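Chemist: Input final.cif, format and content: mmCIF, C-alpha atoms and all ligand atoms.
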data_target
#
loop_
_atom_site.label_atom_id
_atom_site.label_comp_id
_atom_site.auth_asym_id
_atom_site.auth_seq_id
_atom_site.Cartn_x
_atom_site.Cartn_y
_atom_site.Cartn_z
CA MET A 1 7.23 0.45 -37.02
CA LYS A 2 6.37 -2.64 -34.94
CA THR A 3 3.31 -2.37 -32.74
CA VAL A 4 3.04 -4.11 -29.41
CA LYS A 5 0.94 -4.55 -26.30
CA LEU A 6 2.63 -4.13 -22.92
CA ALA A 7 1.21 -5.19 -19.58
CA VAL A 8 2.59 -3.64 -16.40
CA LEU A 9 2.05 -5.14 -12.95
CA GLY A 10 2.36 -2.54 -10.24
CA GLY A 11 0.52 -0.09 -12.45
CA GLY A 12 -0.10 2.26 -9.52
CA SER A 13 3.61 2.67 -8.82
CA SER A 14 4.83 6.24 -8.63
CA TYR A 15 7.61 5.11 -10.99
CA LEU A 16 5.18 4.26 -13.78
CA PRO A 17 5.19 7.67 -15.52
CA GLU A 18 8.94 7.27 -16.13
CA LEU A 19 8.28 4.01 -17.92
CA LEU A 20 5.53 5.65 -19.97
CA ASP A 21 7.82 8.55 -20.80
CA GLY A 22 10.32 5.99 -22.14
CA VAL A 23 7.60 4.26 -24.16
CA ILE A 24 6.69 7.58 -25.77
CA LYS A 25 10.36 8.21 -26.62
CA LYS A 26 10.64 4.81 -28.31
CA TRP A 27 7.61 5.66 -30.45
CA ASP A 28 8.98 9.12 -31.16
CA GLN A 29 12.30 7.61 -32.28
CA GLY A 30 10.49 5.16 -34.53
CA GLU A 31 11.68 2.05 -32.62
CA PHE A 32 8.31 0.56 -31.63
CA HIS A 33 4.77 1.64 -30.93
CA ALA A 34 3.06 0.46 -27.74
CA GLU A 35 -0.45 0.87 -29.13
CA SER A 36 -1.96 -0.87 -26.12
CA ILE A 37 -0.85 -0.72 -22.50
CA ALA A 38 -2.57 -2.62 -19.70
CA LEU A 39 -1.89 -1.50 -16.16
CA VAL A 40 -2.61 -3.93 -13.36
CA ASP A 41 -2.71 -3.44 -9.62
CA VAL A 42 -4.27 -4.93 -6.51
CA PRO A 43 -7.52 -3.40 -5.20
CA GLU A 44 -5.67 -1.35 -2.56
CA GLY A 45 -3.65 0.23 -5.37
CA LYS A 46 -6.60 1.03 -7.62
CA GLU A 47 -6.95 4.69 -6.74
CA ARG A 48 -3.25 5.35 -7.30
CA MET A 49 -3.35 3.36 -10.53
CA GLU A 50 -6.23 5.49 -11.86
CA THR A 51 -4.33 8.66 -10.97
CA VAL A 52 -1.19 7.43 -12.70
CA ALA A 53 -3.21 6.22 -15.70
CA ALA A 54 -4.96 9.57 -16.14
CA PHE A 55 -1.65 11.42 -15.90
CA SER A 56 -0.02 9.00 -18.36
CA ARG A 57 -2.85 9.54 -20.85
CA ARG A 58 -2.26 13.30 -20.62
CA MET A 59 1.47 12.75 -21.24
CA MET A 60 0.75 10.65 -24.31
CA ALA A 61 -1.89 13.06 -25.63
CA LYS A 62 0.46 16.02 -25.29
CA ARG A 63 3.14 14.23 -27.27
CA GLY A 64 0.68 12.86 -29.80
CA MET A 65 1.17 9.13 -29.25
CA PRO A 66 -2.00 7.14 -29.92
CA CYS A 67 -2.43 4.41 -27.33
CA ARG A 68 -5.19 2.49 -25.60
CA LEU A 69 -4.17 2.60 -21.96
CA GLU A 70 -6.46 0.58 -19.70
CA THR A 71 -6.44 -0.38 -16.04
CA PHE A 72 -7.19 -3.83 -14.61
CA LEU A 73 -7.52 -5.53 -11.26
CA ASP A 74 -7.52 -8.95 -12.94
CA ARG A 75 -4.10 -9.58 -14.43
CA ARG A 76 -5.33 -12.46 -16.59
CA GLU A 77 -7.59 -10.05 -18.48
CA ALA A 78 -4.70 -7.64 -18.86
CA PHE A 79 -2.37 -10.32 -20.26
CA ASP A 80 -4.60 -11.04 -23.25
CA GLY A 81 -2.50 -10.29 -26.34
CA ALA A 82 0.51 -8.93 -24.43
CA SER A 83 4.00 -9.53 -25.81
CA PHE A 84 5.83 -8.11 -22.80
CA VAL A 85 4.79 -8.23 -19.17
CA ILE A 86 6.72 -5.92 -16.87
CA SER A 87 6.52 -6.82 -13.21
CA GLN A 88 7.30 -4.07 -10.70
CA ILE A 89 5.23 -5.19 -7.75
CA ARG A 90 5.66 -4.56 -4.05
CA VAL A 91 3.87 -7.29 -2.12
CA GLY A 92 2.49 -5.75 1.07
CA GLY A 93 3.08 -2.21 -0.19
CA MET A 94 5.21 0.41 1.51
CA LYS A 95 4.18 -0.86 4.93
CA ALA A 96 5.99 -4.11 4.18
CA ARG A 97 9.07 -2.24 2.98
CA TRP A 98 8.97 -0.21 6.18
CA ASN A 99 9.03 -3.47 8.14
CA ASP A 100 11.84 -4.85 5.98
CA GLU A 101 13.95 -1.87 6.95
CA HIS A 102 12.94 -1.68 10.60
CA VAL A 103 12.84 -5.33 11.70
CA PRO A 104 16.58 -6.03 11.12
CA LEU A 105 17.49 -2.83 12.95
CA ARG A 106 15.74 -4.17 16.05
CA HIS A 107 18.36 -6.94 15.98
CA GLY A 108 21.35 -4.71 15.35
CA VAL A 109 21.54 -5.53 11.62
CA ILE A 110 21.20 -3.01 8.79
CA GLY A 111 17.71 -2.50 7.33
CA GLN A 112 17.56 -2.47 3.53
CA GLU A 113 14.79 -3.53 1.15
CA THR A 114 17.02 -5.69 -1.10
CA THR A 115 20.20 -6.45 0.84
CA GLY A 116 20.36 -8.46 4.06
CA PRO A 117 17.37 -9.68 6.09
CA GLY A 118 15.10 -6.97 4.63
CA GLY A 119 15.69 -8.29 1.13
CA PHE A 120 15.20 -11.81 2.43
CA ALA A 121 11.77 -10.95 3.86
CA ASN A 122 10.88 -9.14 0.63
CA ALA A 123 11.86 -12.25 -1.35
CA LEU A 124 9.74 -14.56 0.82
CA ARG A 125 6.69 -12.42 0.04
CA THR A 126 7.43 -11.65 -3.59
CA ILE A 127 8.62 -14.99 -5.00
CA PRO A 128 5.35 -16.95 -4.62
CA VAL A 129 3.34 -14.09 -6.15
CA SER A 130 5.84 -13.77 -9.00
CA LEU A 131 5.56 -17.50 -9.71
CA ASP A 132 1.76 -17.15 -9.82
CA ILE A 133 2.19 -14.30 -12.28
CA ALA A 134 4.49 -16.47 -14.41
CA ARG A 135 1.88 -19.25 -14.45
CA ASP A 136 -0.73 -16.78 -15.71
CA VAL A 137 1.65 -15.49 -18.37
CA LEU A 138 2.25 -19.05 -19.58
CA ASP A 139 -1.48 -19.64 -19.61
CA ILE A 140 -2.69 -16.45 -21.30
CA CYS A 141 0.22 -15.11 -23.36
CA PRO A 142 2.78 -17.96 -23.43
CA ASP A 143 5.06 -16.27 -25.97
CA ALA A 144 5.39 -13.11 -23.90
CA TRP A 145 8.57 -12.09 -22.12
CA LEU A 146 8.29 -11.46 -18.40
CA LEU A 147 10.60 -8.59 -17.44
CA ASN A 148 11.21 -8.59 -13.73
CA PHE A 149 11.84 -5.37 -11.85
CA SER A 150 10.24 -6.59 -8.64
CA ASN A 151 12.72 -6.49 -5.80
CA PRO A 152 14.89 -8.17 -4.80
CA SER A 153 15.26 -8.36 -8.56
CA GLY A 154 18.06 -10.93 -8.84
CA LEU A 155 16.50 -13.24 -6.29
CA VAL A 156 13.04 -13.07 -7.83
CA THR A 157 14.57 -13.76 -11.25
CA GLU A 158 16.46 -16.73 -9.79
CA ALA A 159 13.10 -18.14 -8.65
CA LEU A 160 11.45 -17.46 -12.02
CA VAL A 161 14.27 -19.14 -13.94
CA ARG A 162 14.39 -22.13 -11.59
CA HIS A 163 10.68 -22.72 -11.15
CA SER A 164 8.55 -21.24 -13.93
CA GLY A 165 9.63 -21.99 -17.50
CA VAL A 166 8.51 -18.54 -18.60
CA LYS A 167 10.73 -16.47 -20.92
CA THR A 168 12.18 -14.05 -18.43
CA PHE A 169 15.04 -11.84 -17.35
CA GLY A 170 15.62 -9.43 -14.49
CA LEU A 171 16.47 -5.76 -14.65
CA CYS A 172 18.25 -3.25 -12.52
CA ASN A 173 19.21 0.38 -13.00
CA VAL A 174 22.52 0.26 -11.12
CA PRO A 175 24.75 -0.73 -14.09
CA ILE A 176 23.15 1.82 -16.40
CA GLY A 177 23.58 4.44 -13.66
CA ILE A 178 27.36 3.78 -13.80
CA LYS A 179 27.32 3.95 -17.59
CA MET A 180 25.47 7.27 -17.56
CA GLY A 181 27.94 8.60 -14.97
CA VAL A 182 30.88 7.63 -17.19
CA ALA A 183 29.28 9.17 -20.28
CA LYS A 184 28.63 12.39 -18.41
CA ALA A 185 32.18 12.52 -17.05
CA LEU A 186 33.58 12.02 -20.55
CA SER A 187 31.00 14.41 -22.06
CA VAL A 188 30.00 11.81 -24.64
CA ASP A 189 26.73 10.23 -25.73
CA PRO A 190 26.03 7.15 -23.56
CA SER A 191 25.67 5.02 -26.69
CA ARG A 192 29.44 5.30 -27.17
CA VAL A 193 30.17 3.77 -23.76
CA SER A 194 30.13 0.03 -23.10
CA MET A 195 31.01 -1.97 -20.00
CA ASP A 196 31.88 -5.44 -18.79
CA VAL A 197 29.59 -6.20 -15.86
CA SER A 198 29.54 -9.36 -13.79
CA GLY A 199 28.35 -10.56 -10.40
CA LEU A 200 24.90 -10.61 -8.87
CA ASN A 201 22.13 -8.04 -8.70
CA HIS A 202 23.15 -5.31 -6.25
CA LEU A 203 26.47 -7.13 -5.98
CA SER A 204 27.88 -6.63 -9.45
CA PHE A 205 31.14 -5.13 -10.63
CA VAL A 206 32.20 -3.19 -13.68
CA THR A 207 35.44 -4.84 -14.78
CA GLY A 208 35.90 -3.10 -18.12
CA LEU A 209 34.95 0.26 -19.62
CA TYR A 210 35.13 1.21 -23.27
CA LEU A 211 34.63 4.35 -25.31
CA ASP A 212 33.92 3.52 -28.95
CA GLY A 213 35.33 0.08 -28.19
CA ASN A 214 38.63 1.42 -26.79
CA ASP A 215 39.59 0.52 -23.23
CA VAL A 216 39.34 3.64 -21.04
CA PHE A 217 39.16 1.91 -17.65
CA ASP A 218 42.62 2.85 -16.37
CA ARG A 219 42.20 6.38 -17.65
CA LEU A 220 38.97 6.71 -15.66
CA LEU A 221 40.32 5.08 -12.53
CA GLU A 222 43.19 7.58 -12.51
CA SER A 223 41.00 10.60 -13.26
CA PRO A 224 38.86 12.84 -11.01
CA VAL A 225 35.89 10.80 -12.27
CA LEU A 226 36.74 8.17 -9.67
CA ALA A 227 36.29 10.72 -6.88
CA ALA A 228 32.85 11.58 -8.25
CA PHE A 229 31.92 7.89 -8.28
CA LEU A 230 33.14 7.40 -4.76
CA GLN A 231 31.04 10.33 -3.65
CA ALA A 232 27.95 9.05 -5.47
CA MET A 233 28.46 5.62 -3.90
CA LYS A 234 29.01 7.25 -0.47
CA PHE A 235 32.45 5.58 -0.28
CA PRO A 236 35.17 7.58 1.54
CA PRO A 237 37.51 9.32 -0.95
CA GLU A 238 40.58 7.42 0.30
CA PHE A 239 38.91 4.18 -0.84
CA GLY A 240 39.88 5.05 -4.40
CA ARG A 241 43.26 3.33 -4.05
CA TYR A 242 41.56 0.04 -3.21
CA LEU A 243 39.33 0.22 -6.26
CA ARG A 244 42.37 0.97 -8.39
CA TYR A 245 44.07 -2.05 -6.82
CA LEU A 246 41.03 -4.23 -7.59
CA ARG A 247 40.51 -2.57 -10.98
CA LEU A 248 36.77 -2.66 -10.36
CA ILE A 249 33.88 -0.30 -9.98
CA PRO A 250 31.41 -1.92 -7.59
CA ALA A 251 27.66 -1.47 -7.53
CA SER A 252 26.84 1.15 -4.91
CA TYR A 253 25.21 -1.58 -2.80
CA LEU A 254 28.70 -2.82 -1.90
CA TYR A 255 28.57 0.02 0.59
CA TYR A 256 26.36 -2.16 2.79
CA TYR A 257 28.92 -4.97 2.79
CA TRP A 258 32.09 -2.93 3.09
CA PHE A 259 30.94 -0.14 5.37
CA THR A 260 28.40 -2.03 7.46
CA ASP A 261 29.20 -0.28 10.75
CA ARG A 262 28.77 3.17 9.25
CA VAL A 263 25.45 2.22 7.67
CA LEU A 264 24.13 0.67 10.84
CA LYS A 265 25.16 3.64 12.96
CA SER A 266 23.56 6.17 10.64
CA GLN A 267 20.38 4.12 10.21
CA LEU A 268 19.97 3.78 13.97
CA GLU A 269 20.56 7.51 14.42
CA ASP A 270 17.96 8.32 11.76
CA VAL A 271 15.39 6.14 13.46
CA GLN A 272 16.20 7.63 16.84
CA LYS A 273 15.89 11.23 15.69
CA GLY A 274 12.59 10.50 13.91
CA THR A 275 13.78 10.77 10.29
CA GLY A 276 13.09 7.06 9.91
CA THR A 277 14.43 4.88 7.11
CA ARG A 278 14.33 5.17 3.32
CA ALA A 279 10.76 3.82 3.37
CA ASP A 280 9.68 6.77 5.50
CA GLU A 281 11.40 9.13 3.08
CA VAL A 282 9.90 7.44 0.01
CA MET A 283 6.42 7.69 1.55
CA ARG A 284 6.95 11.45 1.97
CA VAL A 285 8.21 11.77 -1.63
CA GLU A 286 5.30 9.70 -2.97
CA LYS A 287 2.74 11.88 -1.22
CA GLU A 288 4.13 14.91 -3.05
CA LEU A 289 4.44 13.03 -6.33
CA PHE A 290 0.82 11.92 -6.29
CA LYS A 291 -0.27 15.49 -5.52
CA GLU A 292 1.56 16.46 -8.72
CA TYR A 293 0.12 13.57 -10.76
CA GLU A 294 -3.38 14.59 -9.71
CA LYS A 295 -3.03 18.10 -11.19
CA PRO A 296 -5.31 18.04 -14.25
CA ASP A 297 -2.97 20.21 -16.33
CA LEU A 298 0.23 18.25 -15.57
CA ALA A 299 1.41 16.43 -18.71
CA ASP A 300 5.19 16.27 -18.17
CA LEU A 301 7.28 14.29 -15.69
CA PRO A 302 7.52 16.22 -12.42
CA SER A 303 11.08 16.94 -11.26
CA ASP A 304 10.32 15.33 -7.88
CA LEU A 305 10.46 11.93 -9.61
CA LYS A 306 14.24 12.31 -9.47
CA LYS A 307 13.98 11.88 -5.70
CA ARG A 308 13.24 8.19 -6.26
CA GLY A 309 16.19 5.84 -6.68
CA GLY A 310 15.26 4.12 -9.93
CA ALA A 311 16.67 6.61 -12.46
CA PHE A 312 16.97 5.19 -15.99
CA TYR A 313 15.00 2.07 -15.12
CA SER A 314 12.78 2.56 -18.13
CA ASP A 315 15.82 2.84 -20.43
CA VAL A 316 17.03 -0.61 -19.42
CA ALA A 317 13.63 -2.23 -19.88
CA LEU A 318 12.69 -0.53 -23.12
CA ALA A 319 16.08 -0.97 -24.79
CA ALA A 320 15.62 -4.71 -24.22
CA VAL A 321 12.02 -4.65 -25.51
CA SER A 322 13.14 -2.78 -28.60
CA ALA A 323 16.10 -5.12 -29.26
CA ILE A 324 13.87 -8.20 -28.98
CA LEU A 325 11.07 -6.79 -31.10
CA ARG A 326 13.31 -5.52 -33.88
CA ASN A 327 15.97 -8.24 -33.55
CA SER A 328 18.39 -5.36 -33.35
CA PRO A 329 21.26 -6.23 -30.98
CA VAL A 330 21.95 -4.05 -27.98
CA GLU A 331 24.35 -4.66 -25.12
CA GLU A 332 23.23 -4.18 -21.54
CA ALA A 333 23.63 -5.70 -18.10
CA LEU A 334 20.71 -7.95 -17.16
CA ASN A 335 19.91 -10.76 -14.77
CA VAL A 336 19.92 -14.08 -16.63
CA GLN A 337 21.02 -17.66 -16.19
CA ASN A 338 24.81 -17.77 -16.06
CA ARG A 339 25.50 -20.50 -18.63
CA GLY A 340 29.24 -20.16 -17.98
CA ALA A 341 29.46 -16.41 -18.59
CA VAL A 342 30.58 -15.57 -15.05
CA PRO A 343 33.44 -17.91 -14.12
CA GLY A 344 33.36 -19.19 -10.54
CA LEU A 345 29.55 -19.43 -10.35
CA GLU A 346 27.49 -22.46 -11.35
CA PRO A 347 26.10 -22.42 -14.90
CA ASP A 348 22.47 -22.73 -13.77
CA VAL A 349 22.32 -19.79 -11.34
CA VAL A 350 21.10 -16.30 -12.20
CA VAL A 351 23.79 -13.63 -12.47
CA GLU A 352 23.88 -9.96 -13.37
CA VAL A 353 26.03 -9.81 -16.44
CA SER A 354 26.61 -7.93 -19.68
CA CYS A 355 24.33 -9.45 -22.29
CA MET A 356 23.76 -9.08 -25.99
CA VAL A 357 20.02 -8.73 -26.45
CA ASP A 358 18.43 -9.54 -29.79
CA GLY A 359 15.35 -11.30 -31.13
CA ARG A 360 16.25 -14.38 -29.06
CA GLY A 361 16.34 -12.35 -25.85
CA PRO A 362 19.42 -11.69 -23.72
CA GLN A 363 22.52 -13.82 -24.32
CA PRO A 364 25.11 -13.54 -21.52
CA LEU A 365 28.59 -12.50 -22.64
CA SER A 366 31.65 -14.32 -21.27
CA GLN A 367 33.41 -12.36 -18.56
CA LYS A 368 36.84 -12.60 -17.03
CA ARG A 369 37.06 -14.14 -13.58
CA LEU A 370 36.30 -11.77 -10.71
CA PRO A 371 39.28 -11.33 -8.39
CA THR A 372 39.49 -13.55 -5.30
CA GLU A 373 39.05 -10.40 -3.20
CA VAL A 374 35.35 -10.23 -4.19
CA LEU A 375 34.47 -13.63 -5.67
CA GLY A 376 34.11 -15.20 -2.21
CA LEU A 377 31.48 -12.64 -1.23
CA VAL A 378 29.60 -13.15 -4.50
CA ARG A 379 29.58 -16.92 -4.02
CA GLN A 380 28.42 -16.65 -0.44
CA VAL A 381 25.54 -14.35 -1.35
CA LYS A 382 24.54 -16.69 -4.18
CA GLY A 383 24.39 -19.51 -1.60
CA TYR A 384 22.10 -17.33 0.50
CA GLU A 385 19.95 -16.62 -2.57
CA ILE A 386 19.53 -20.27 -3.53
CA LEU A 387 18.44 -21.12 0.02
CA THR A 388 16.08 -18.14 0.09
CA VAL A 389 14.38 -19.28 -3.11
CA LYS A 390 13.94 -22.77 -1.65
CA ALA A 391 12.53 -21.30 1.56
CA ALA A 392 10.14 -19.01 -0.33
CA VAL A 393 8.87 -21.70 -2.68
CA GLU A 394 8.56 -24.58 -0.22
CA GLY A 395 7.94 -22.70 3.03
CA ASP A 396 11.02 -24.52 4.26
CA ALA A 397 11.91 -23.18 7.72
CA GLU A 398 15.33 -24.86 7.87
CA ALA A 399 16.32 -23.47 4.47
CA ALA A 400 15.12 -20.05 5.66
CA PHE A 401 17.30 -20.26 8.77
CA PHE A 402 20.39 -21.33 6.81
CA ALA A 403 19.74 -18.66 4.20
CA LEU A 404 19.96 -15.98 6.86
CA LEU A 405 22.91 -17.69 8.55
CA ASN A 406 24.72 -17.63 5.20
CA HIS A 407 24.11 -13.93 4.67
CA PRO A 408 27.33 -11.99 5.28
CA LEU A 409 25.46 -9.25 7.16
CA VAL A 410 23.90 -11.60 9.72
CA PRO A 411 26.20 -12.14 12.71
CA GLY A 412 25.58 -15.78 13.62
CA ALA A 413 22.92 -18.33 14.40
CA ASP A 414 21.31 -16.59 17.37
CA ALA A 415 20.72 -13.46 15.32
CA ALA A 416 19.55 -15.48 12.31
CA LEU A 417 16.97 -17.30 14.39
CA ALA A 418 15.71 -14.21 16.17
CA ILE A 419 15.43 -12.26 12.91
CA LEU A 420 13.70 -15.15 11.16
CA LYS A 421 11.07 -15.40 13.92
CA ASP A 422 10.49 -11.66 13.80
CA ILE A 423 10.19 -11.63 9.98
CA LEU A 424 7.75 -14.54 9.91
CA GLU A 425 5.64 -12.96 12.62
CA THR A 426 5.66 -9.45 11.11
CA ASN A 427 4.87 -10.73 7.60
CA ARG A 428 2.44 -13.47 8.62
CA GLU A 429 -0.42 -12.32 6.37
CA HIS A 430 1.89 -12.41 3.31
CA LEU A 431 3.60 -15.74 4.02
CA PRO A 432 0.97 -18.48 3.81
CA GLN A 433 3.72 -20.96 2.85
CA PHE A 434 5.02 -20.83 6.44
CA LYS A 435 1.65 -21.30 8.14
CA GLY A 436 1.95 -23.88 10.91
CA LYS A 437 5.71 -24.33 10.36
CA ARG A 438 7.83 -24.76 13.48
CA ILE A 439 10.82 -22.42 13.79
C1 LIG B 501 17.81 1.52 -6.96
C2 LIG B 501 17.77 0.02 -7.00
C3 LIG B 501 16.38 -0.50 -7.06
C4 LIG B 501 15.53 0.12 -5.98
C5 LIG B 501 15.62 1.63 -6.01
C6 LIG B 501 15.00 2.15 -4.76
O1 LIG B 501 17.43 2.00 -8.16
O2 LIG B 501 18.50 -0.49 -8.05
O3 LIG B 501 16.40 -1.89 -6.88
O4 LIG B 501 14.20 -0.28 -6.15
O5 LIG B 501 16.95 2.05 -6.00
O6 LIG B 501 14.61 3.46 -4.93
P1 LIG B 501 13.64 4.10 -3.85
O7 LIG B 501 13.36 5.47 -4.35
O8 LIG B 501 12.43 3.21 -3.79
O9 LIG B 501 14.39 4.06 -2.56
#
In structure tokens, write the structure found in this file.
Ligand code: G6P
Modeler:
Amino acid sequence: MKTVKLAVLGGGSSYLPELLDGVIKKWDQGEFHAESIALVDVPEGKERMETVAAFSRRMMAKRGMPCRLETFLDRREAFDGASFVISQIRVGGMKARWNDEHVPLRHGVIGQETTGPGGFANALRTIPVSLDIARDVLDICPDAWLLNFSNPSGLVTEALVRHSGVKTFGLCNVPIGIKMGVAKALSVDPSRVSMDVSGLNHLSFVTGLYLDGNDVFDRLLESPVLAAFLQAMKFPPEFGRYLRYLRLIPASYLYYYWFTDRVLKSQLEDVQKGTGTRADEVMRVEKELFKEYEKPDLADLPSDLKKRGGAFYSDVALAAVSAILRNSPVEEALNVQNRGAVPGLEPDVVVEVSCMVDGRGPQPLSQKRLPTEVLGLVRQVKGYEILTVKAAVEGDAEAAFFALLNHPLVPGADAALAILKDILETNREHLPQFKGKRI
């Protein structure tokens, strides 16, 4: 069995045990052995990282996997000898996410950590740090793959592909969530299900579904499974006929674009009645999770972890790691440079697309053209993303303004300007690239 060293940035994340659980499974199944794991976090995350590390060691000991798991505050030390670097950072921590969700709401726009102005603010903070990380990877372990989970995942990957030269791809758990849902509905092992996925991260569409290679899309769209999907995506049941018309299953994040008024209304109500936003909820969940992780006899994943939104995220990452290490092809949806796979988008932009992953890394698979009904939205959001990357990298205030103005959820120039000022002010300590810039 191949042995490997993994480095994980954001080592104090409450998600980390799920990743470790996946690593143990890969060893158990004889796919690869992570004999060394280096967790990295910022000083403010050290205590959480140590808690998560101790719990992870107990998990590995219980299941008998030998591994040297160490913690680091200096990522360059951690990168020494690593073949895969997994980045799952949150620049500014939960407080910053809280702002990302609350600032847009002050301007009558939905608050979400990856979609809309919240995702934009997140990108401005995260892209420069991610590019620094990429530079260190190239310096210390230049042959390593950088797997990006840091949100907004597609946008950060766009920046890495455009500006770093590191071997990289971006991950998301939304497509695998759909695949798992289909497998469950059909009562089959997920390995028998495959999908055609194309679009952008959190704006992708399943355009084909196969069971053992046979097309089952129409069968599923006509079956009660569709109702279950609609419910999971929070779409109204009567919306099923439109999905049948489009012959698409959208990523659940389409909810924000297609049901904007409903989202805004419910978010504002939640803030008003004191429930707060998802960040408030996640902070409550994390408090409980860390109480669990601290229990000295806990050596299995606590069920509360299911209250976080990233289910199956480790499966996506570790299937790719395994495919690369063993040069054993596996198909999954990842964020990579388009290279013509998604018609209607430029070849050099990053897309979320079905890929074949093998020893060379992910190769995007050619997709059919998305229908006009959704391609316009995808293209517009890609325009917003390109401008956001430019703004984040260069501290370009004009690009930042036009990025927001191009976002479909921002209602015009006055709102774009007001939101931009608020974001730059609220995030000042994390946005040195905008210091002294006139808005
Ligand atoms: C989904 C998205 C991720 C996001 C997560 C949020 O899985 O694909 O991009 O990070 O949800 O979950 P949370 O528990 O943090 O709200």
Chemist: Considering only C-alpha atoms, can you say which of A:Phe401, A:Gly45, A:Gly395, A:Leu246 comes closest to Ala415 (chain A)?
Modeler: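 Smallest distance to Ala415 (chain A) is found for A:Phe401.
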Chemist: Return the single residue from A:Met60, A:Val193, A:Ala7, A:Val42 that is closest to Lys25 (chain A), with distances computed using all atoms listed in the file.
Modeler: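 For Lys25 (chain A), the nearest of the candidates is A:Met60.
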Chemist: Find the residue from A:Met233, A:Val393, A:Val336, A:Val410 that sits nearest to ligand LIG 501 (chain B); use all atoms listed in the file when measuring.
Modeler: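 Nearest candidate to ligand LIG 501 (chain B) out of A:Met233, A:Val393, A:Val336, A:Val410: A:Met233.
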Chemist: From the set A:Met94, A:Ala159, A:Ala123, A:Val137, which residue has the shortest atom-to-atom contact distance to ligand LIG 501 (chain B), counting all atoms listed in the file?
Modeler: A:Met94
Chemist: Mind listing whatever residues come within 12 Å of the point (5.8, -0.7, -32.3)? Use all atoms listed in the file, file coordinates, and give them as a ChimeraX atom specification.
Modeler: /A:1-6,23-37,65-67,83,318,321-326
Chemist: Please save C-alpha atoms of the selected residues as an mmCIF file, keeping the file's coordinate frame.
Modeler:
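part29.cif, written as the output of this step:
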data_model
loop_
_atom_site.group_PDB
_atom_site.id
_atom_site.type_symbol
_atom_site.label_atom_id
_atom_site.label_comp_id
_atom_site.auth_asym_id
_atom_site.auth_seq_id
_atom_site.Cartn_x
_atom_site.Cartn_y
_atom_site.Cartn_z
ATOM 1 C CA MET A 1 7.230 0.450 -37.020
ATOM 2 C CA LYS A 2 6.370 -2.640 -34.940
ATOM 3 C CA THR A 3 3.310 -2.370 -32.740
ATOM 4 C CA VAL A 4 3.040 -4.110 -29.410
ATOM 5 C CA LYS A 5 0.940 -4.550 -26.300
ATOM 6 C CA LEU A 6 2.630 -4.130 -22.920
ATOM 7 C CA VAL A 23 7.600 4.260 -24.160
ATOM 8 C CA ILE A 24 6.690 7.580 -25.770
ATOM 9 C CA LYS A 25 10.360 8.210 -26.620
ATOM 10 C CA LYS A 26 10.640 4.810 -28.310
ATOM 11 C CA TRP A 27 7.610 5.660 -30.450
ATOM 12 C CA ASP A 28 8.980 9.120 -31.160
ATOM 13 C CA GLN A 29 12.300 7.610 -32.280
ATOM 14 C CA GLY A 30 10.490 5.160 -34.530
ATOM 15 C CA GLU A 31 11.680 2.050 -32.620
ATOM 16 C CA PHE A 32 8.310 0.560 -31.630
ATOM 17 C CA HIS A 33 4.770 1.640 -30.930
ATOM 18 C CA ALA A 34 3.060 0.460 -27.740
ATOM 19 C CA GLU A 35 -0.450 0.870 -29.130
ATOM 20 C CA SER A 36 -1.960 -0.870 -26.120
ATOM 21 C CA ILE A 37 -0.850 -0.720 -22.500
ATOM 22 C CA MET A 65 1.170 9.130 -29.250
ATOM 23 C CA PRO A 66 -2.000 7.140 -29.920
ATOM 24 C CA CYS A 67 -2.430 4.410 -27.330
ATOM 25 C CA SER A 83 4.000 -9.530 -25.810
ATOM 26 C CA LEU A 318 12.690 -0.530 -23.120
ATOM 27 C CA VAL A 321 12.020 -4.650 -25.510
ATOM 28 C CA SER A 322 13.140 -2.780 -28.600
ATOM 29 C CA ALA A 323 16.100 -5.120 -29.260
ATOM 30 C CA ILE A 324 13.870 -8.200 -28.980
ATOM 31 C CA LEU A 325 11.070 -6.790 -31.100
ATOM 32 C CA ARG A 326 13.310 -5.520 -33.880
#
Chemist: Please give me, as an MDAnalysis selection string, the residues lying within 9 Å of ligand LIG 501 (chain B) when counting all atoms listed in the file.
Modeler: chainID A and resid 15 113:114 149:153 171:175 177 201:202 253 278:279 281:282 285 305:313
Chemist: Please produce a file of those selected residues containing C-alpha atoms, as a compact mmCIF listing (two decimals), keeping the file's coordinate frame.
Modeler:
# COMPACT_ATOMS: atom_id res chain seq x y z
CA TYR A 15 7.61 5.11 -10.99
CA GLU A 113 14.79 -3.53 1.15
CA THR A 114 17.02 -5.69 -1.10
CA PHE A 149 11.84 -5.37 -11.85
CA SER A 150 10.24 -6.59 -8.64
CA ASN A 151 12.72 -6.49 -5.80
CA PRO A 152 14.89 -8.17 -4.80
CA SER A 153 15.26 -8.36 -8.56
CA LEU A 171 16.47 -5.76 -14.65
CA CYS A 172 18.25 -3.25 -12.52
CA ASN A 173 19.21 0.38 -13.00
CA VAL A 174 22.52 0.26 -11.12
CA PRO A 175 24.75 -0.73 -14.09
CA GLY A 177 23.58 4.44 -13.66
CA ASN A 201 22.13 -8.04 -8.70
CA HIS A 202 23.15 -5.31 -6.25
CA TYR A 253 25.21 -1.58 -2.80
CA ARG A 278 14.33 5.17 3.32
CA ALA A 279 10.76 3.82 3.37
CA GLU A 281 11.40 9.13 3.08
CA VAL A 282 9.90 7.44 0.01
CA VAL A 285 8.21 11.77 -1.63
CA LEU A 305 10.46 11.93 -9.61
CA LYS A 306 14.24 12.31 -9.47
CA LYS A 307 13.98 11.88 -5.70
CA ARG A 308 13.24 8.19 -6.26
CA GLY A 309 16.19 5.84 -6.68
CA GLY A 310 15.26 4.12 -9.93
CA ALA A 311 16.67 6.61 -12.46
CA PHE A 312 16.97 5.19 -15.99
CA TYR A 313 15.00 2.07 -15.12
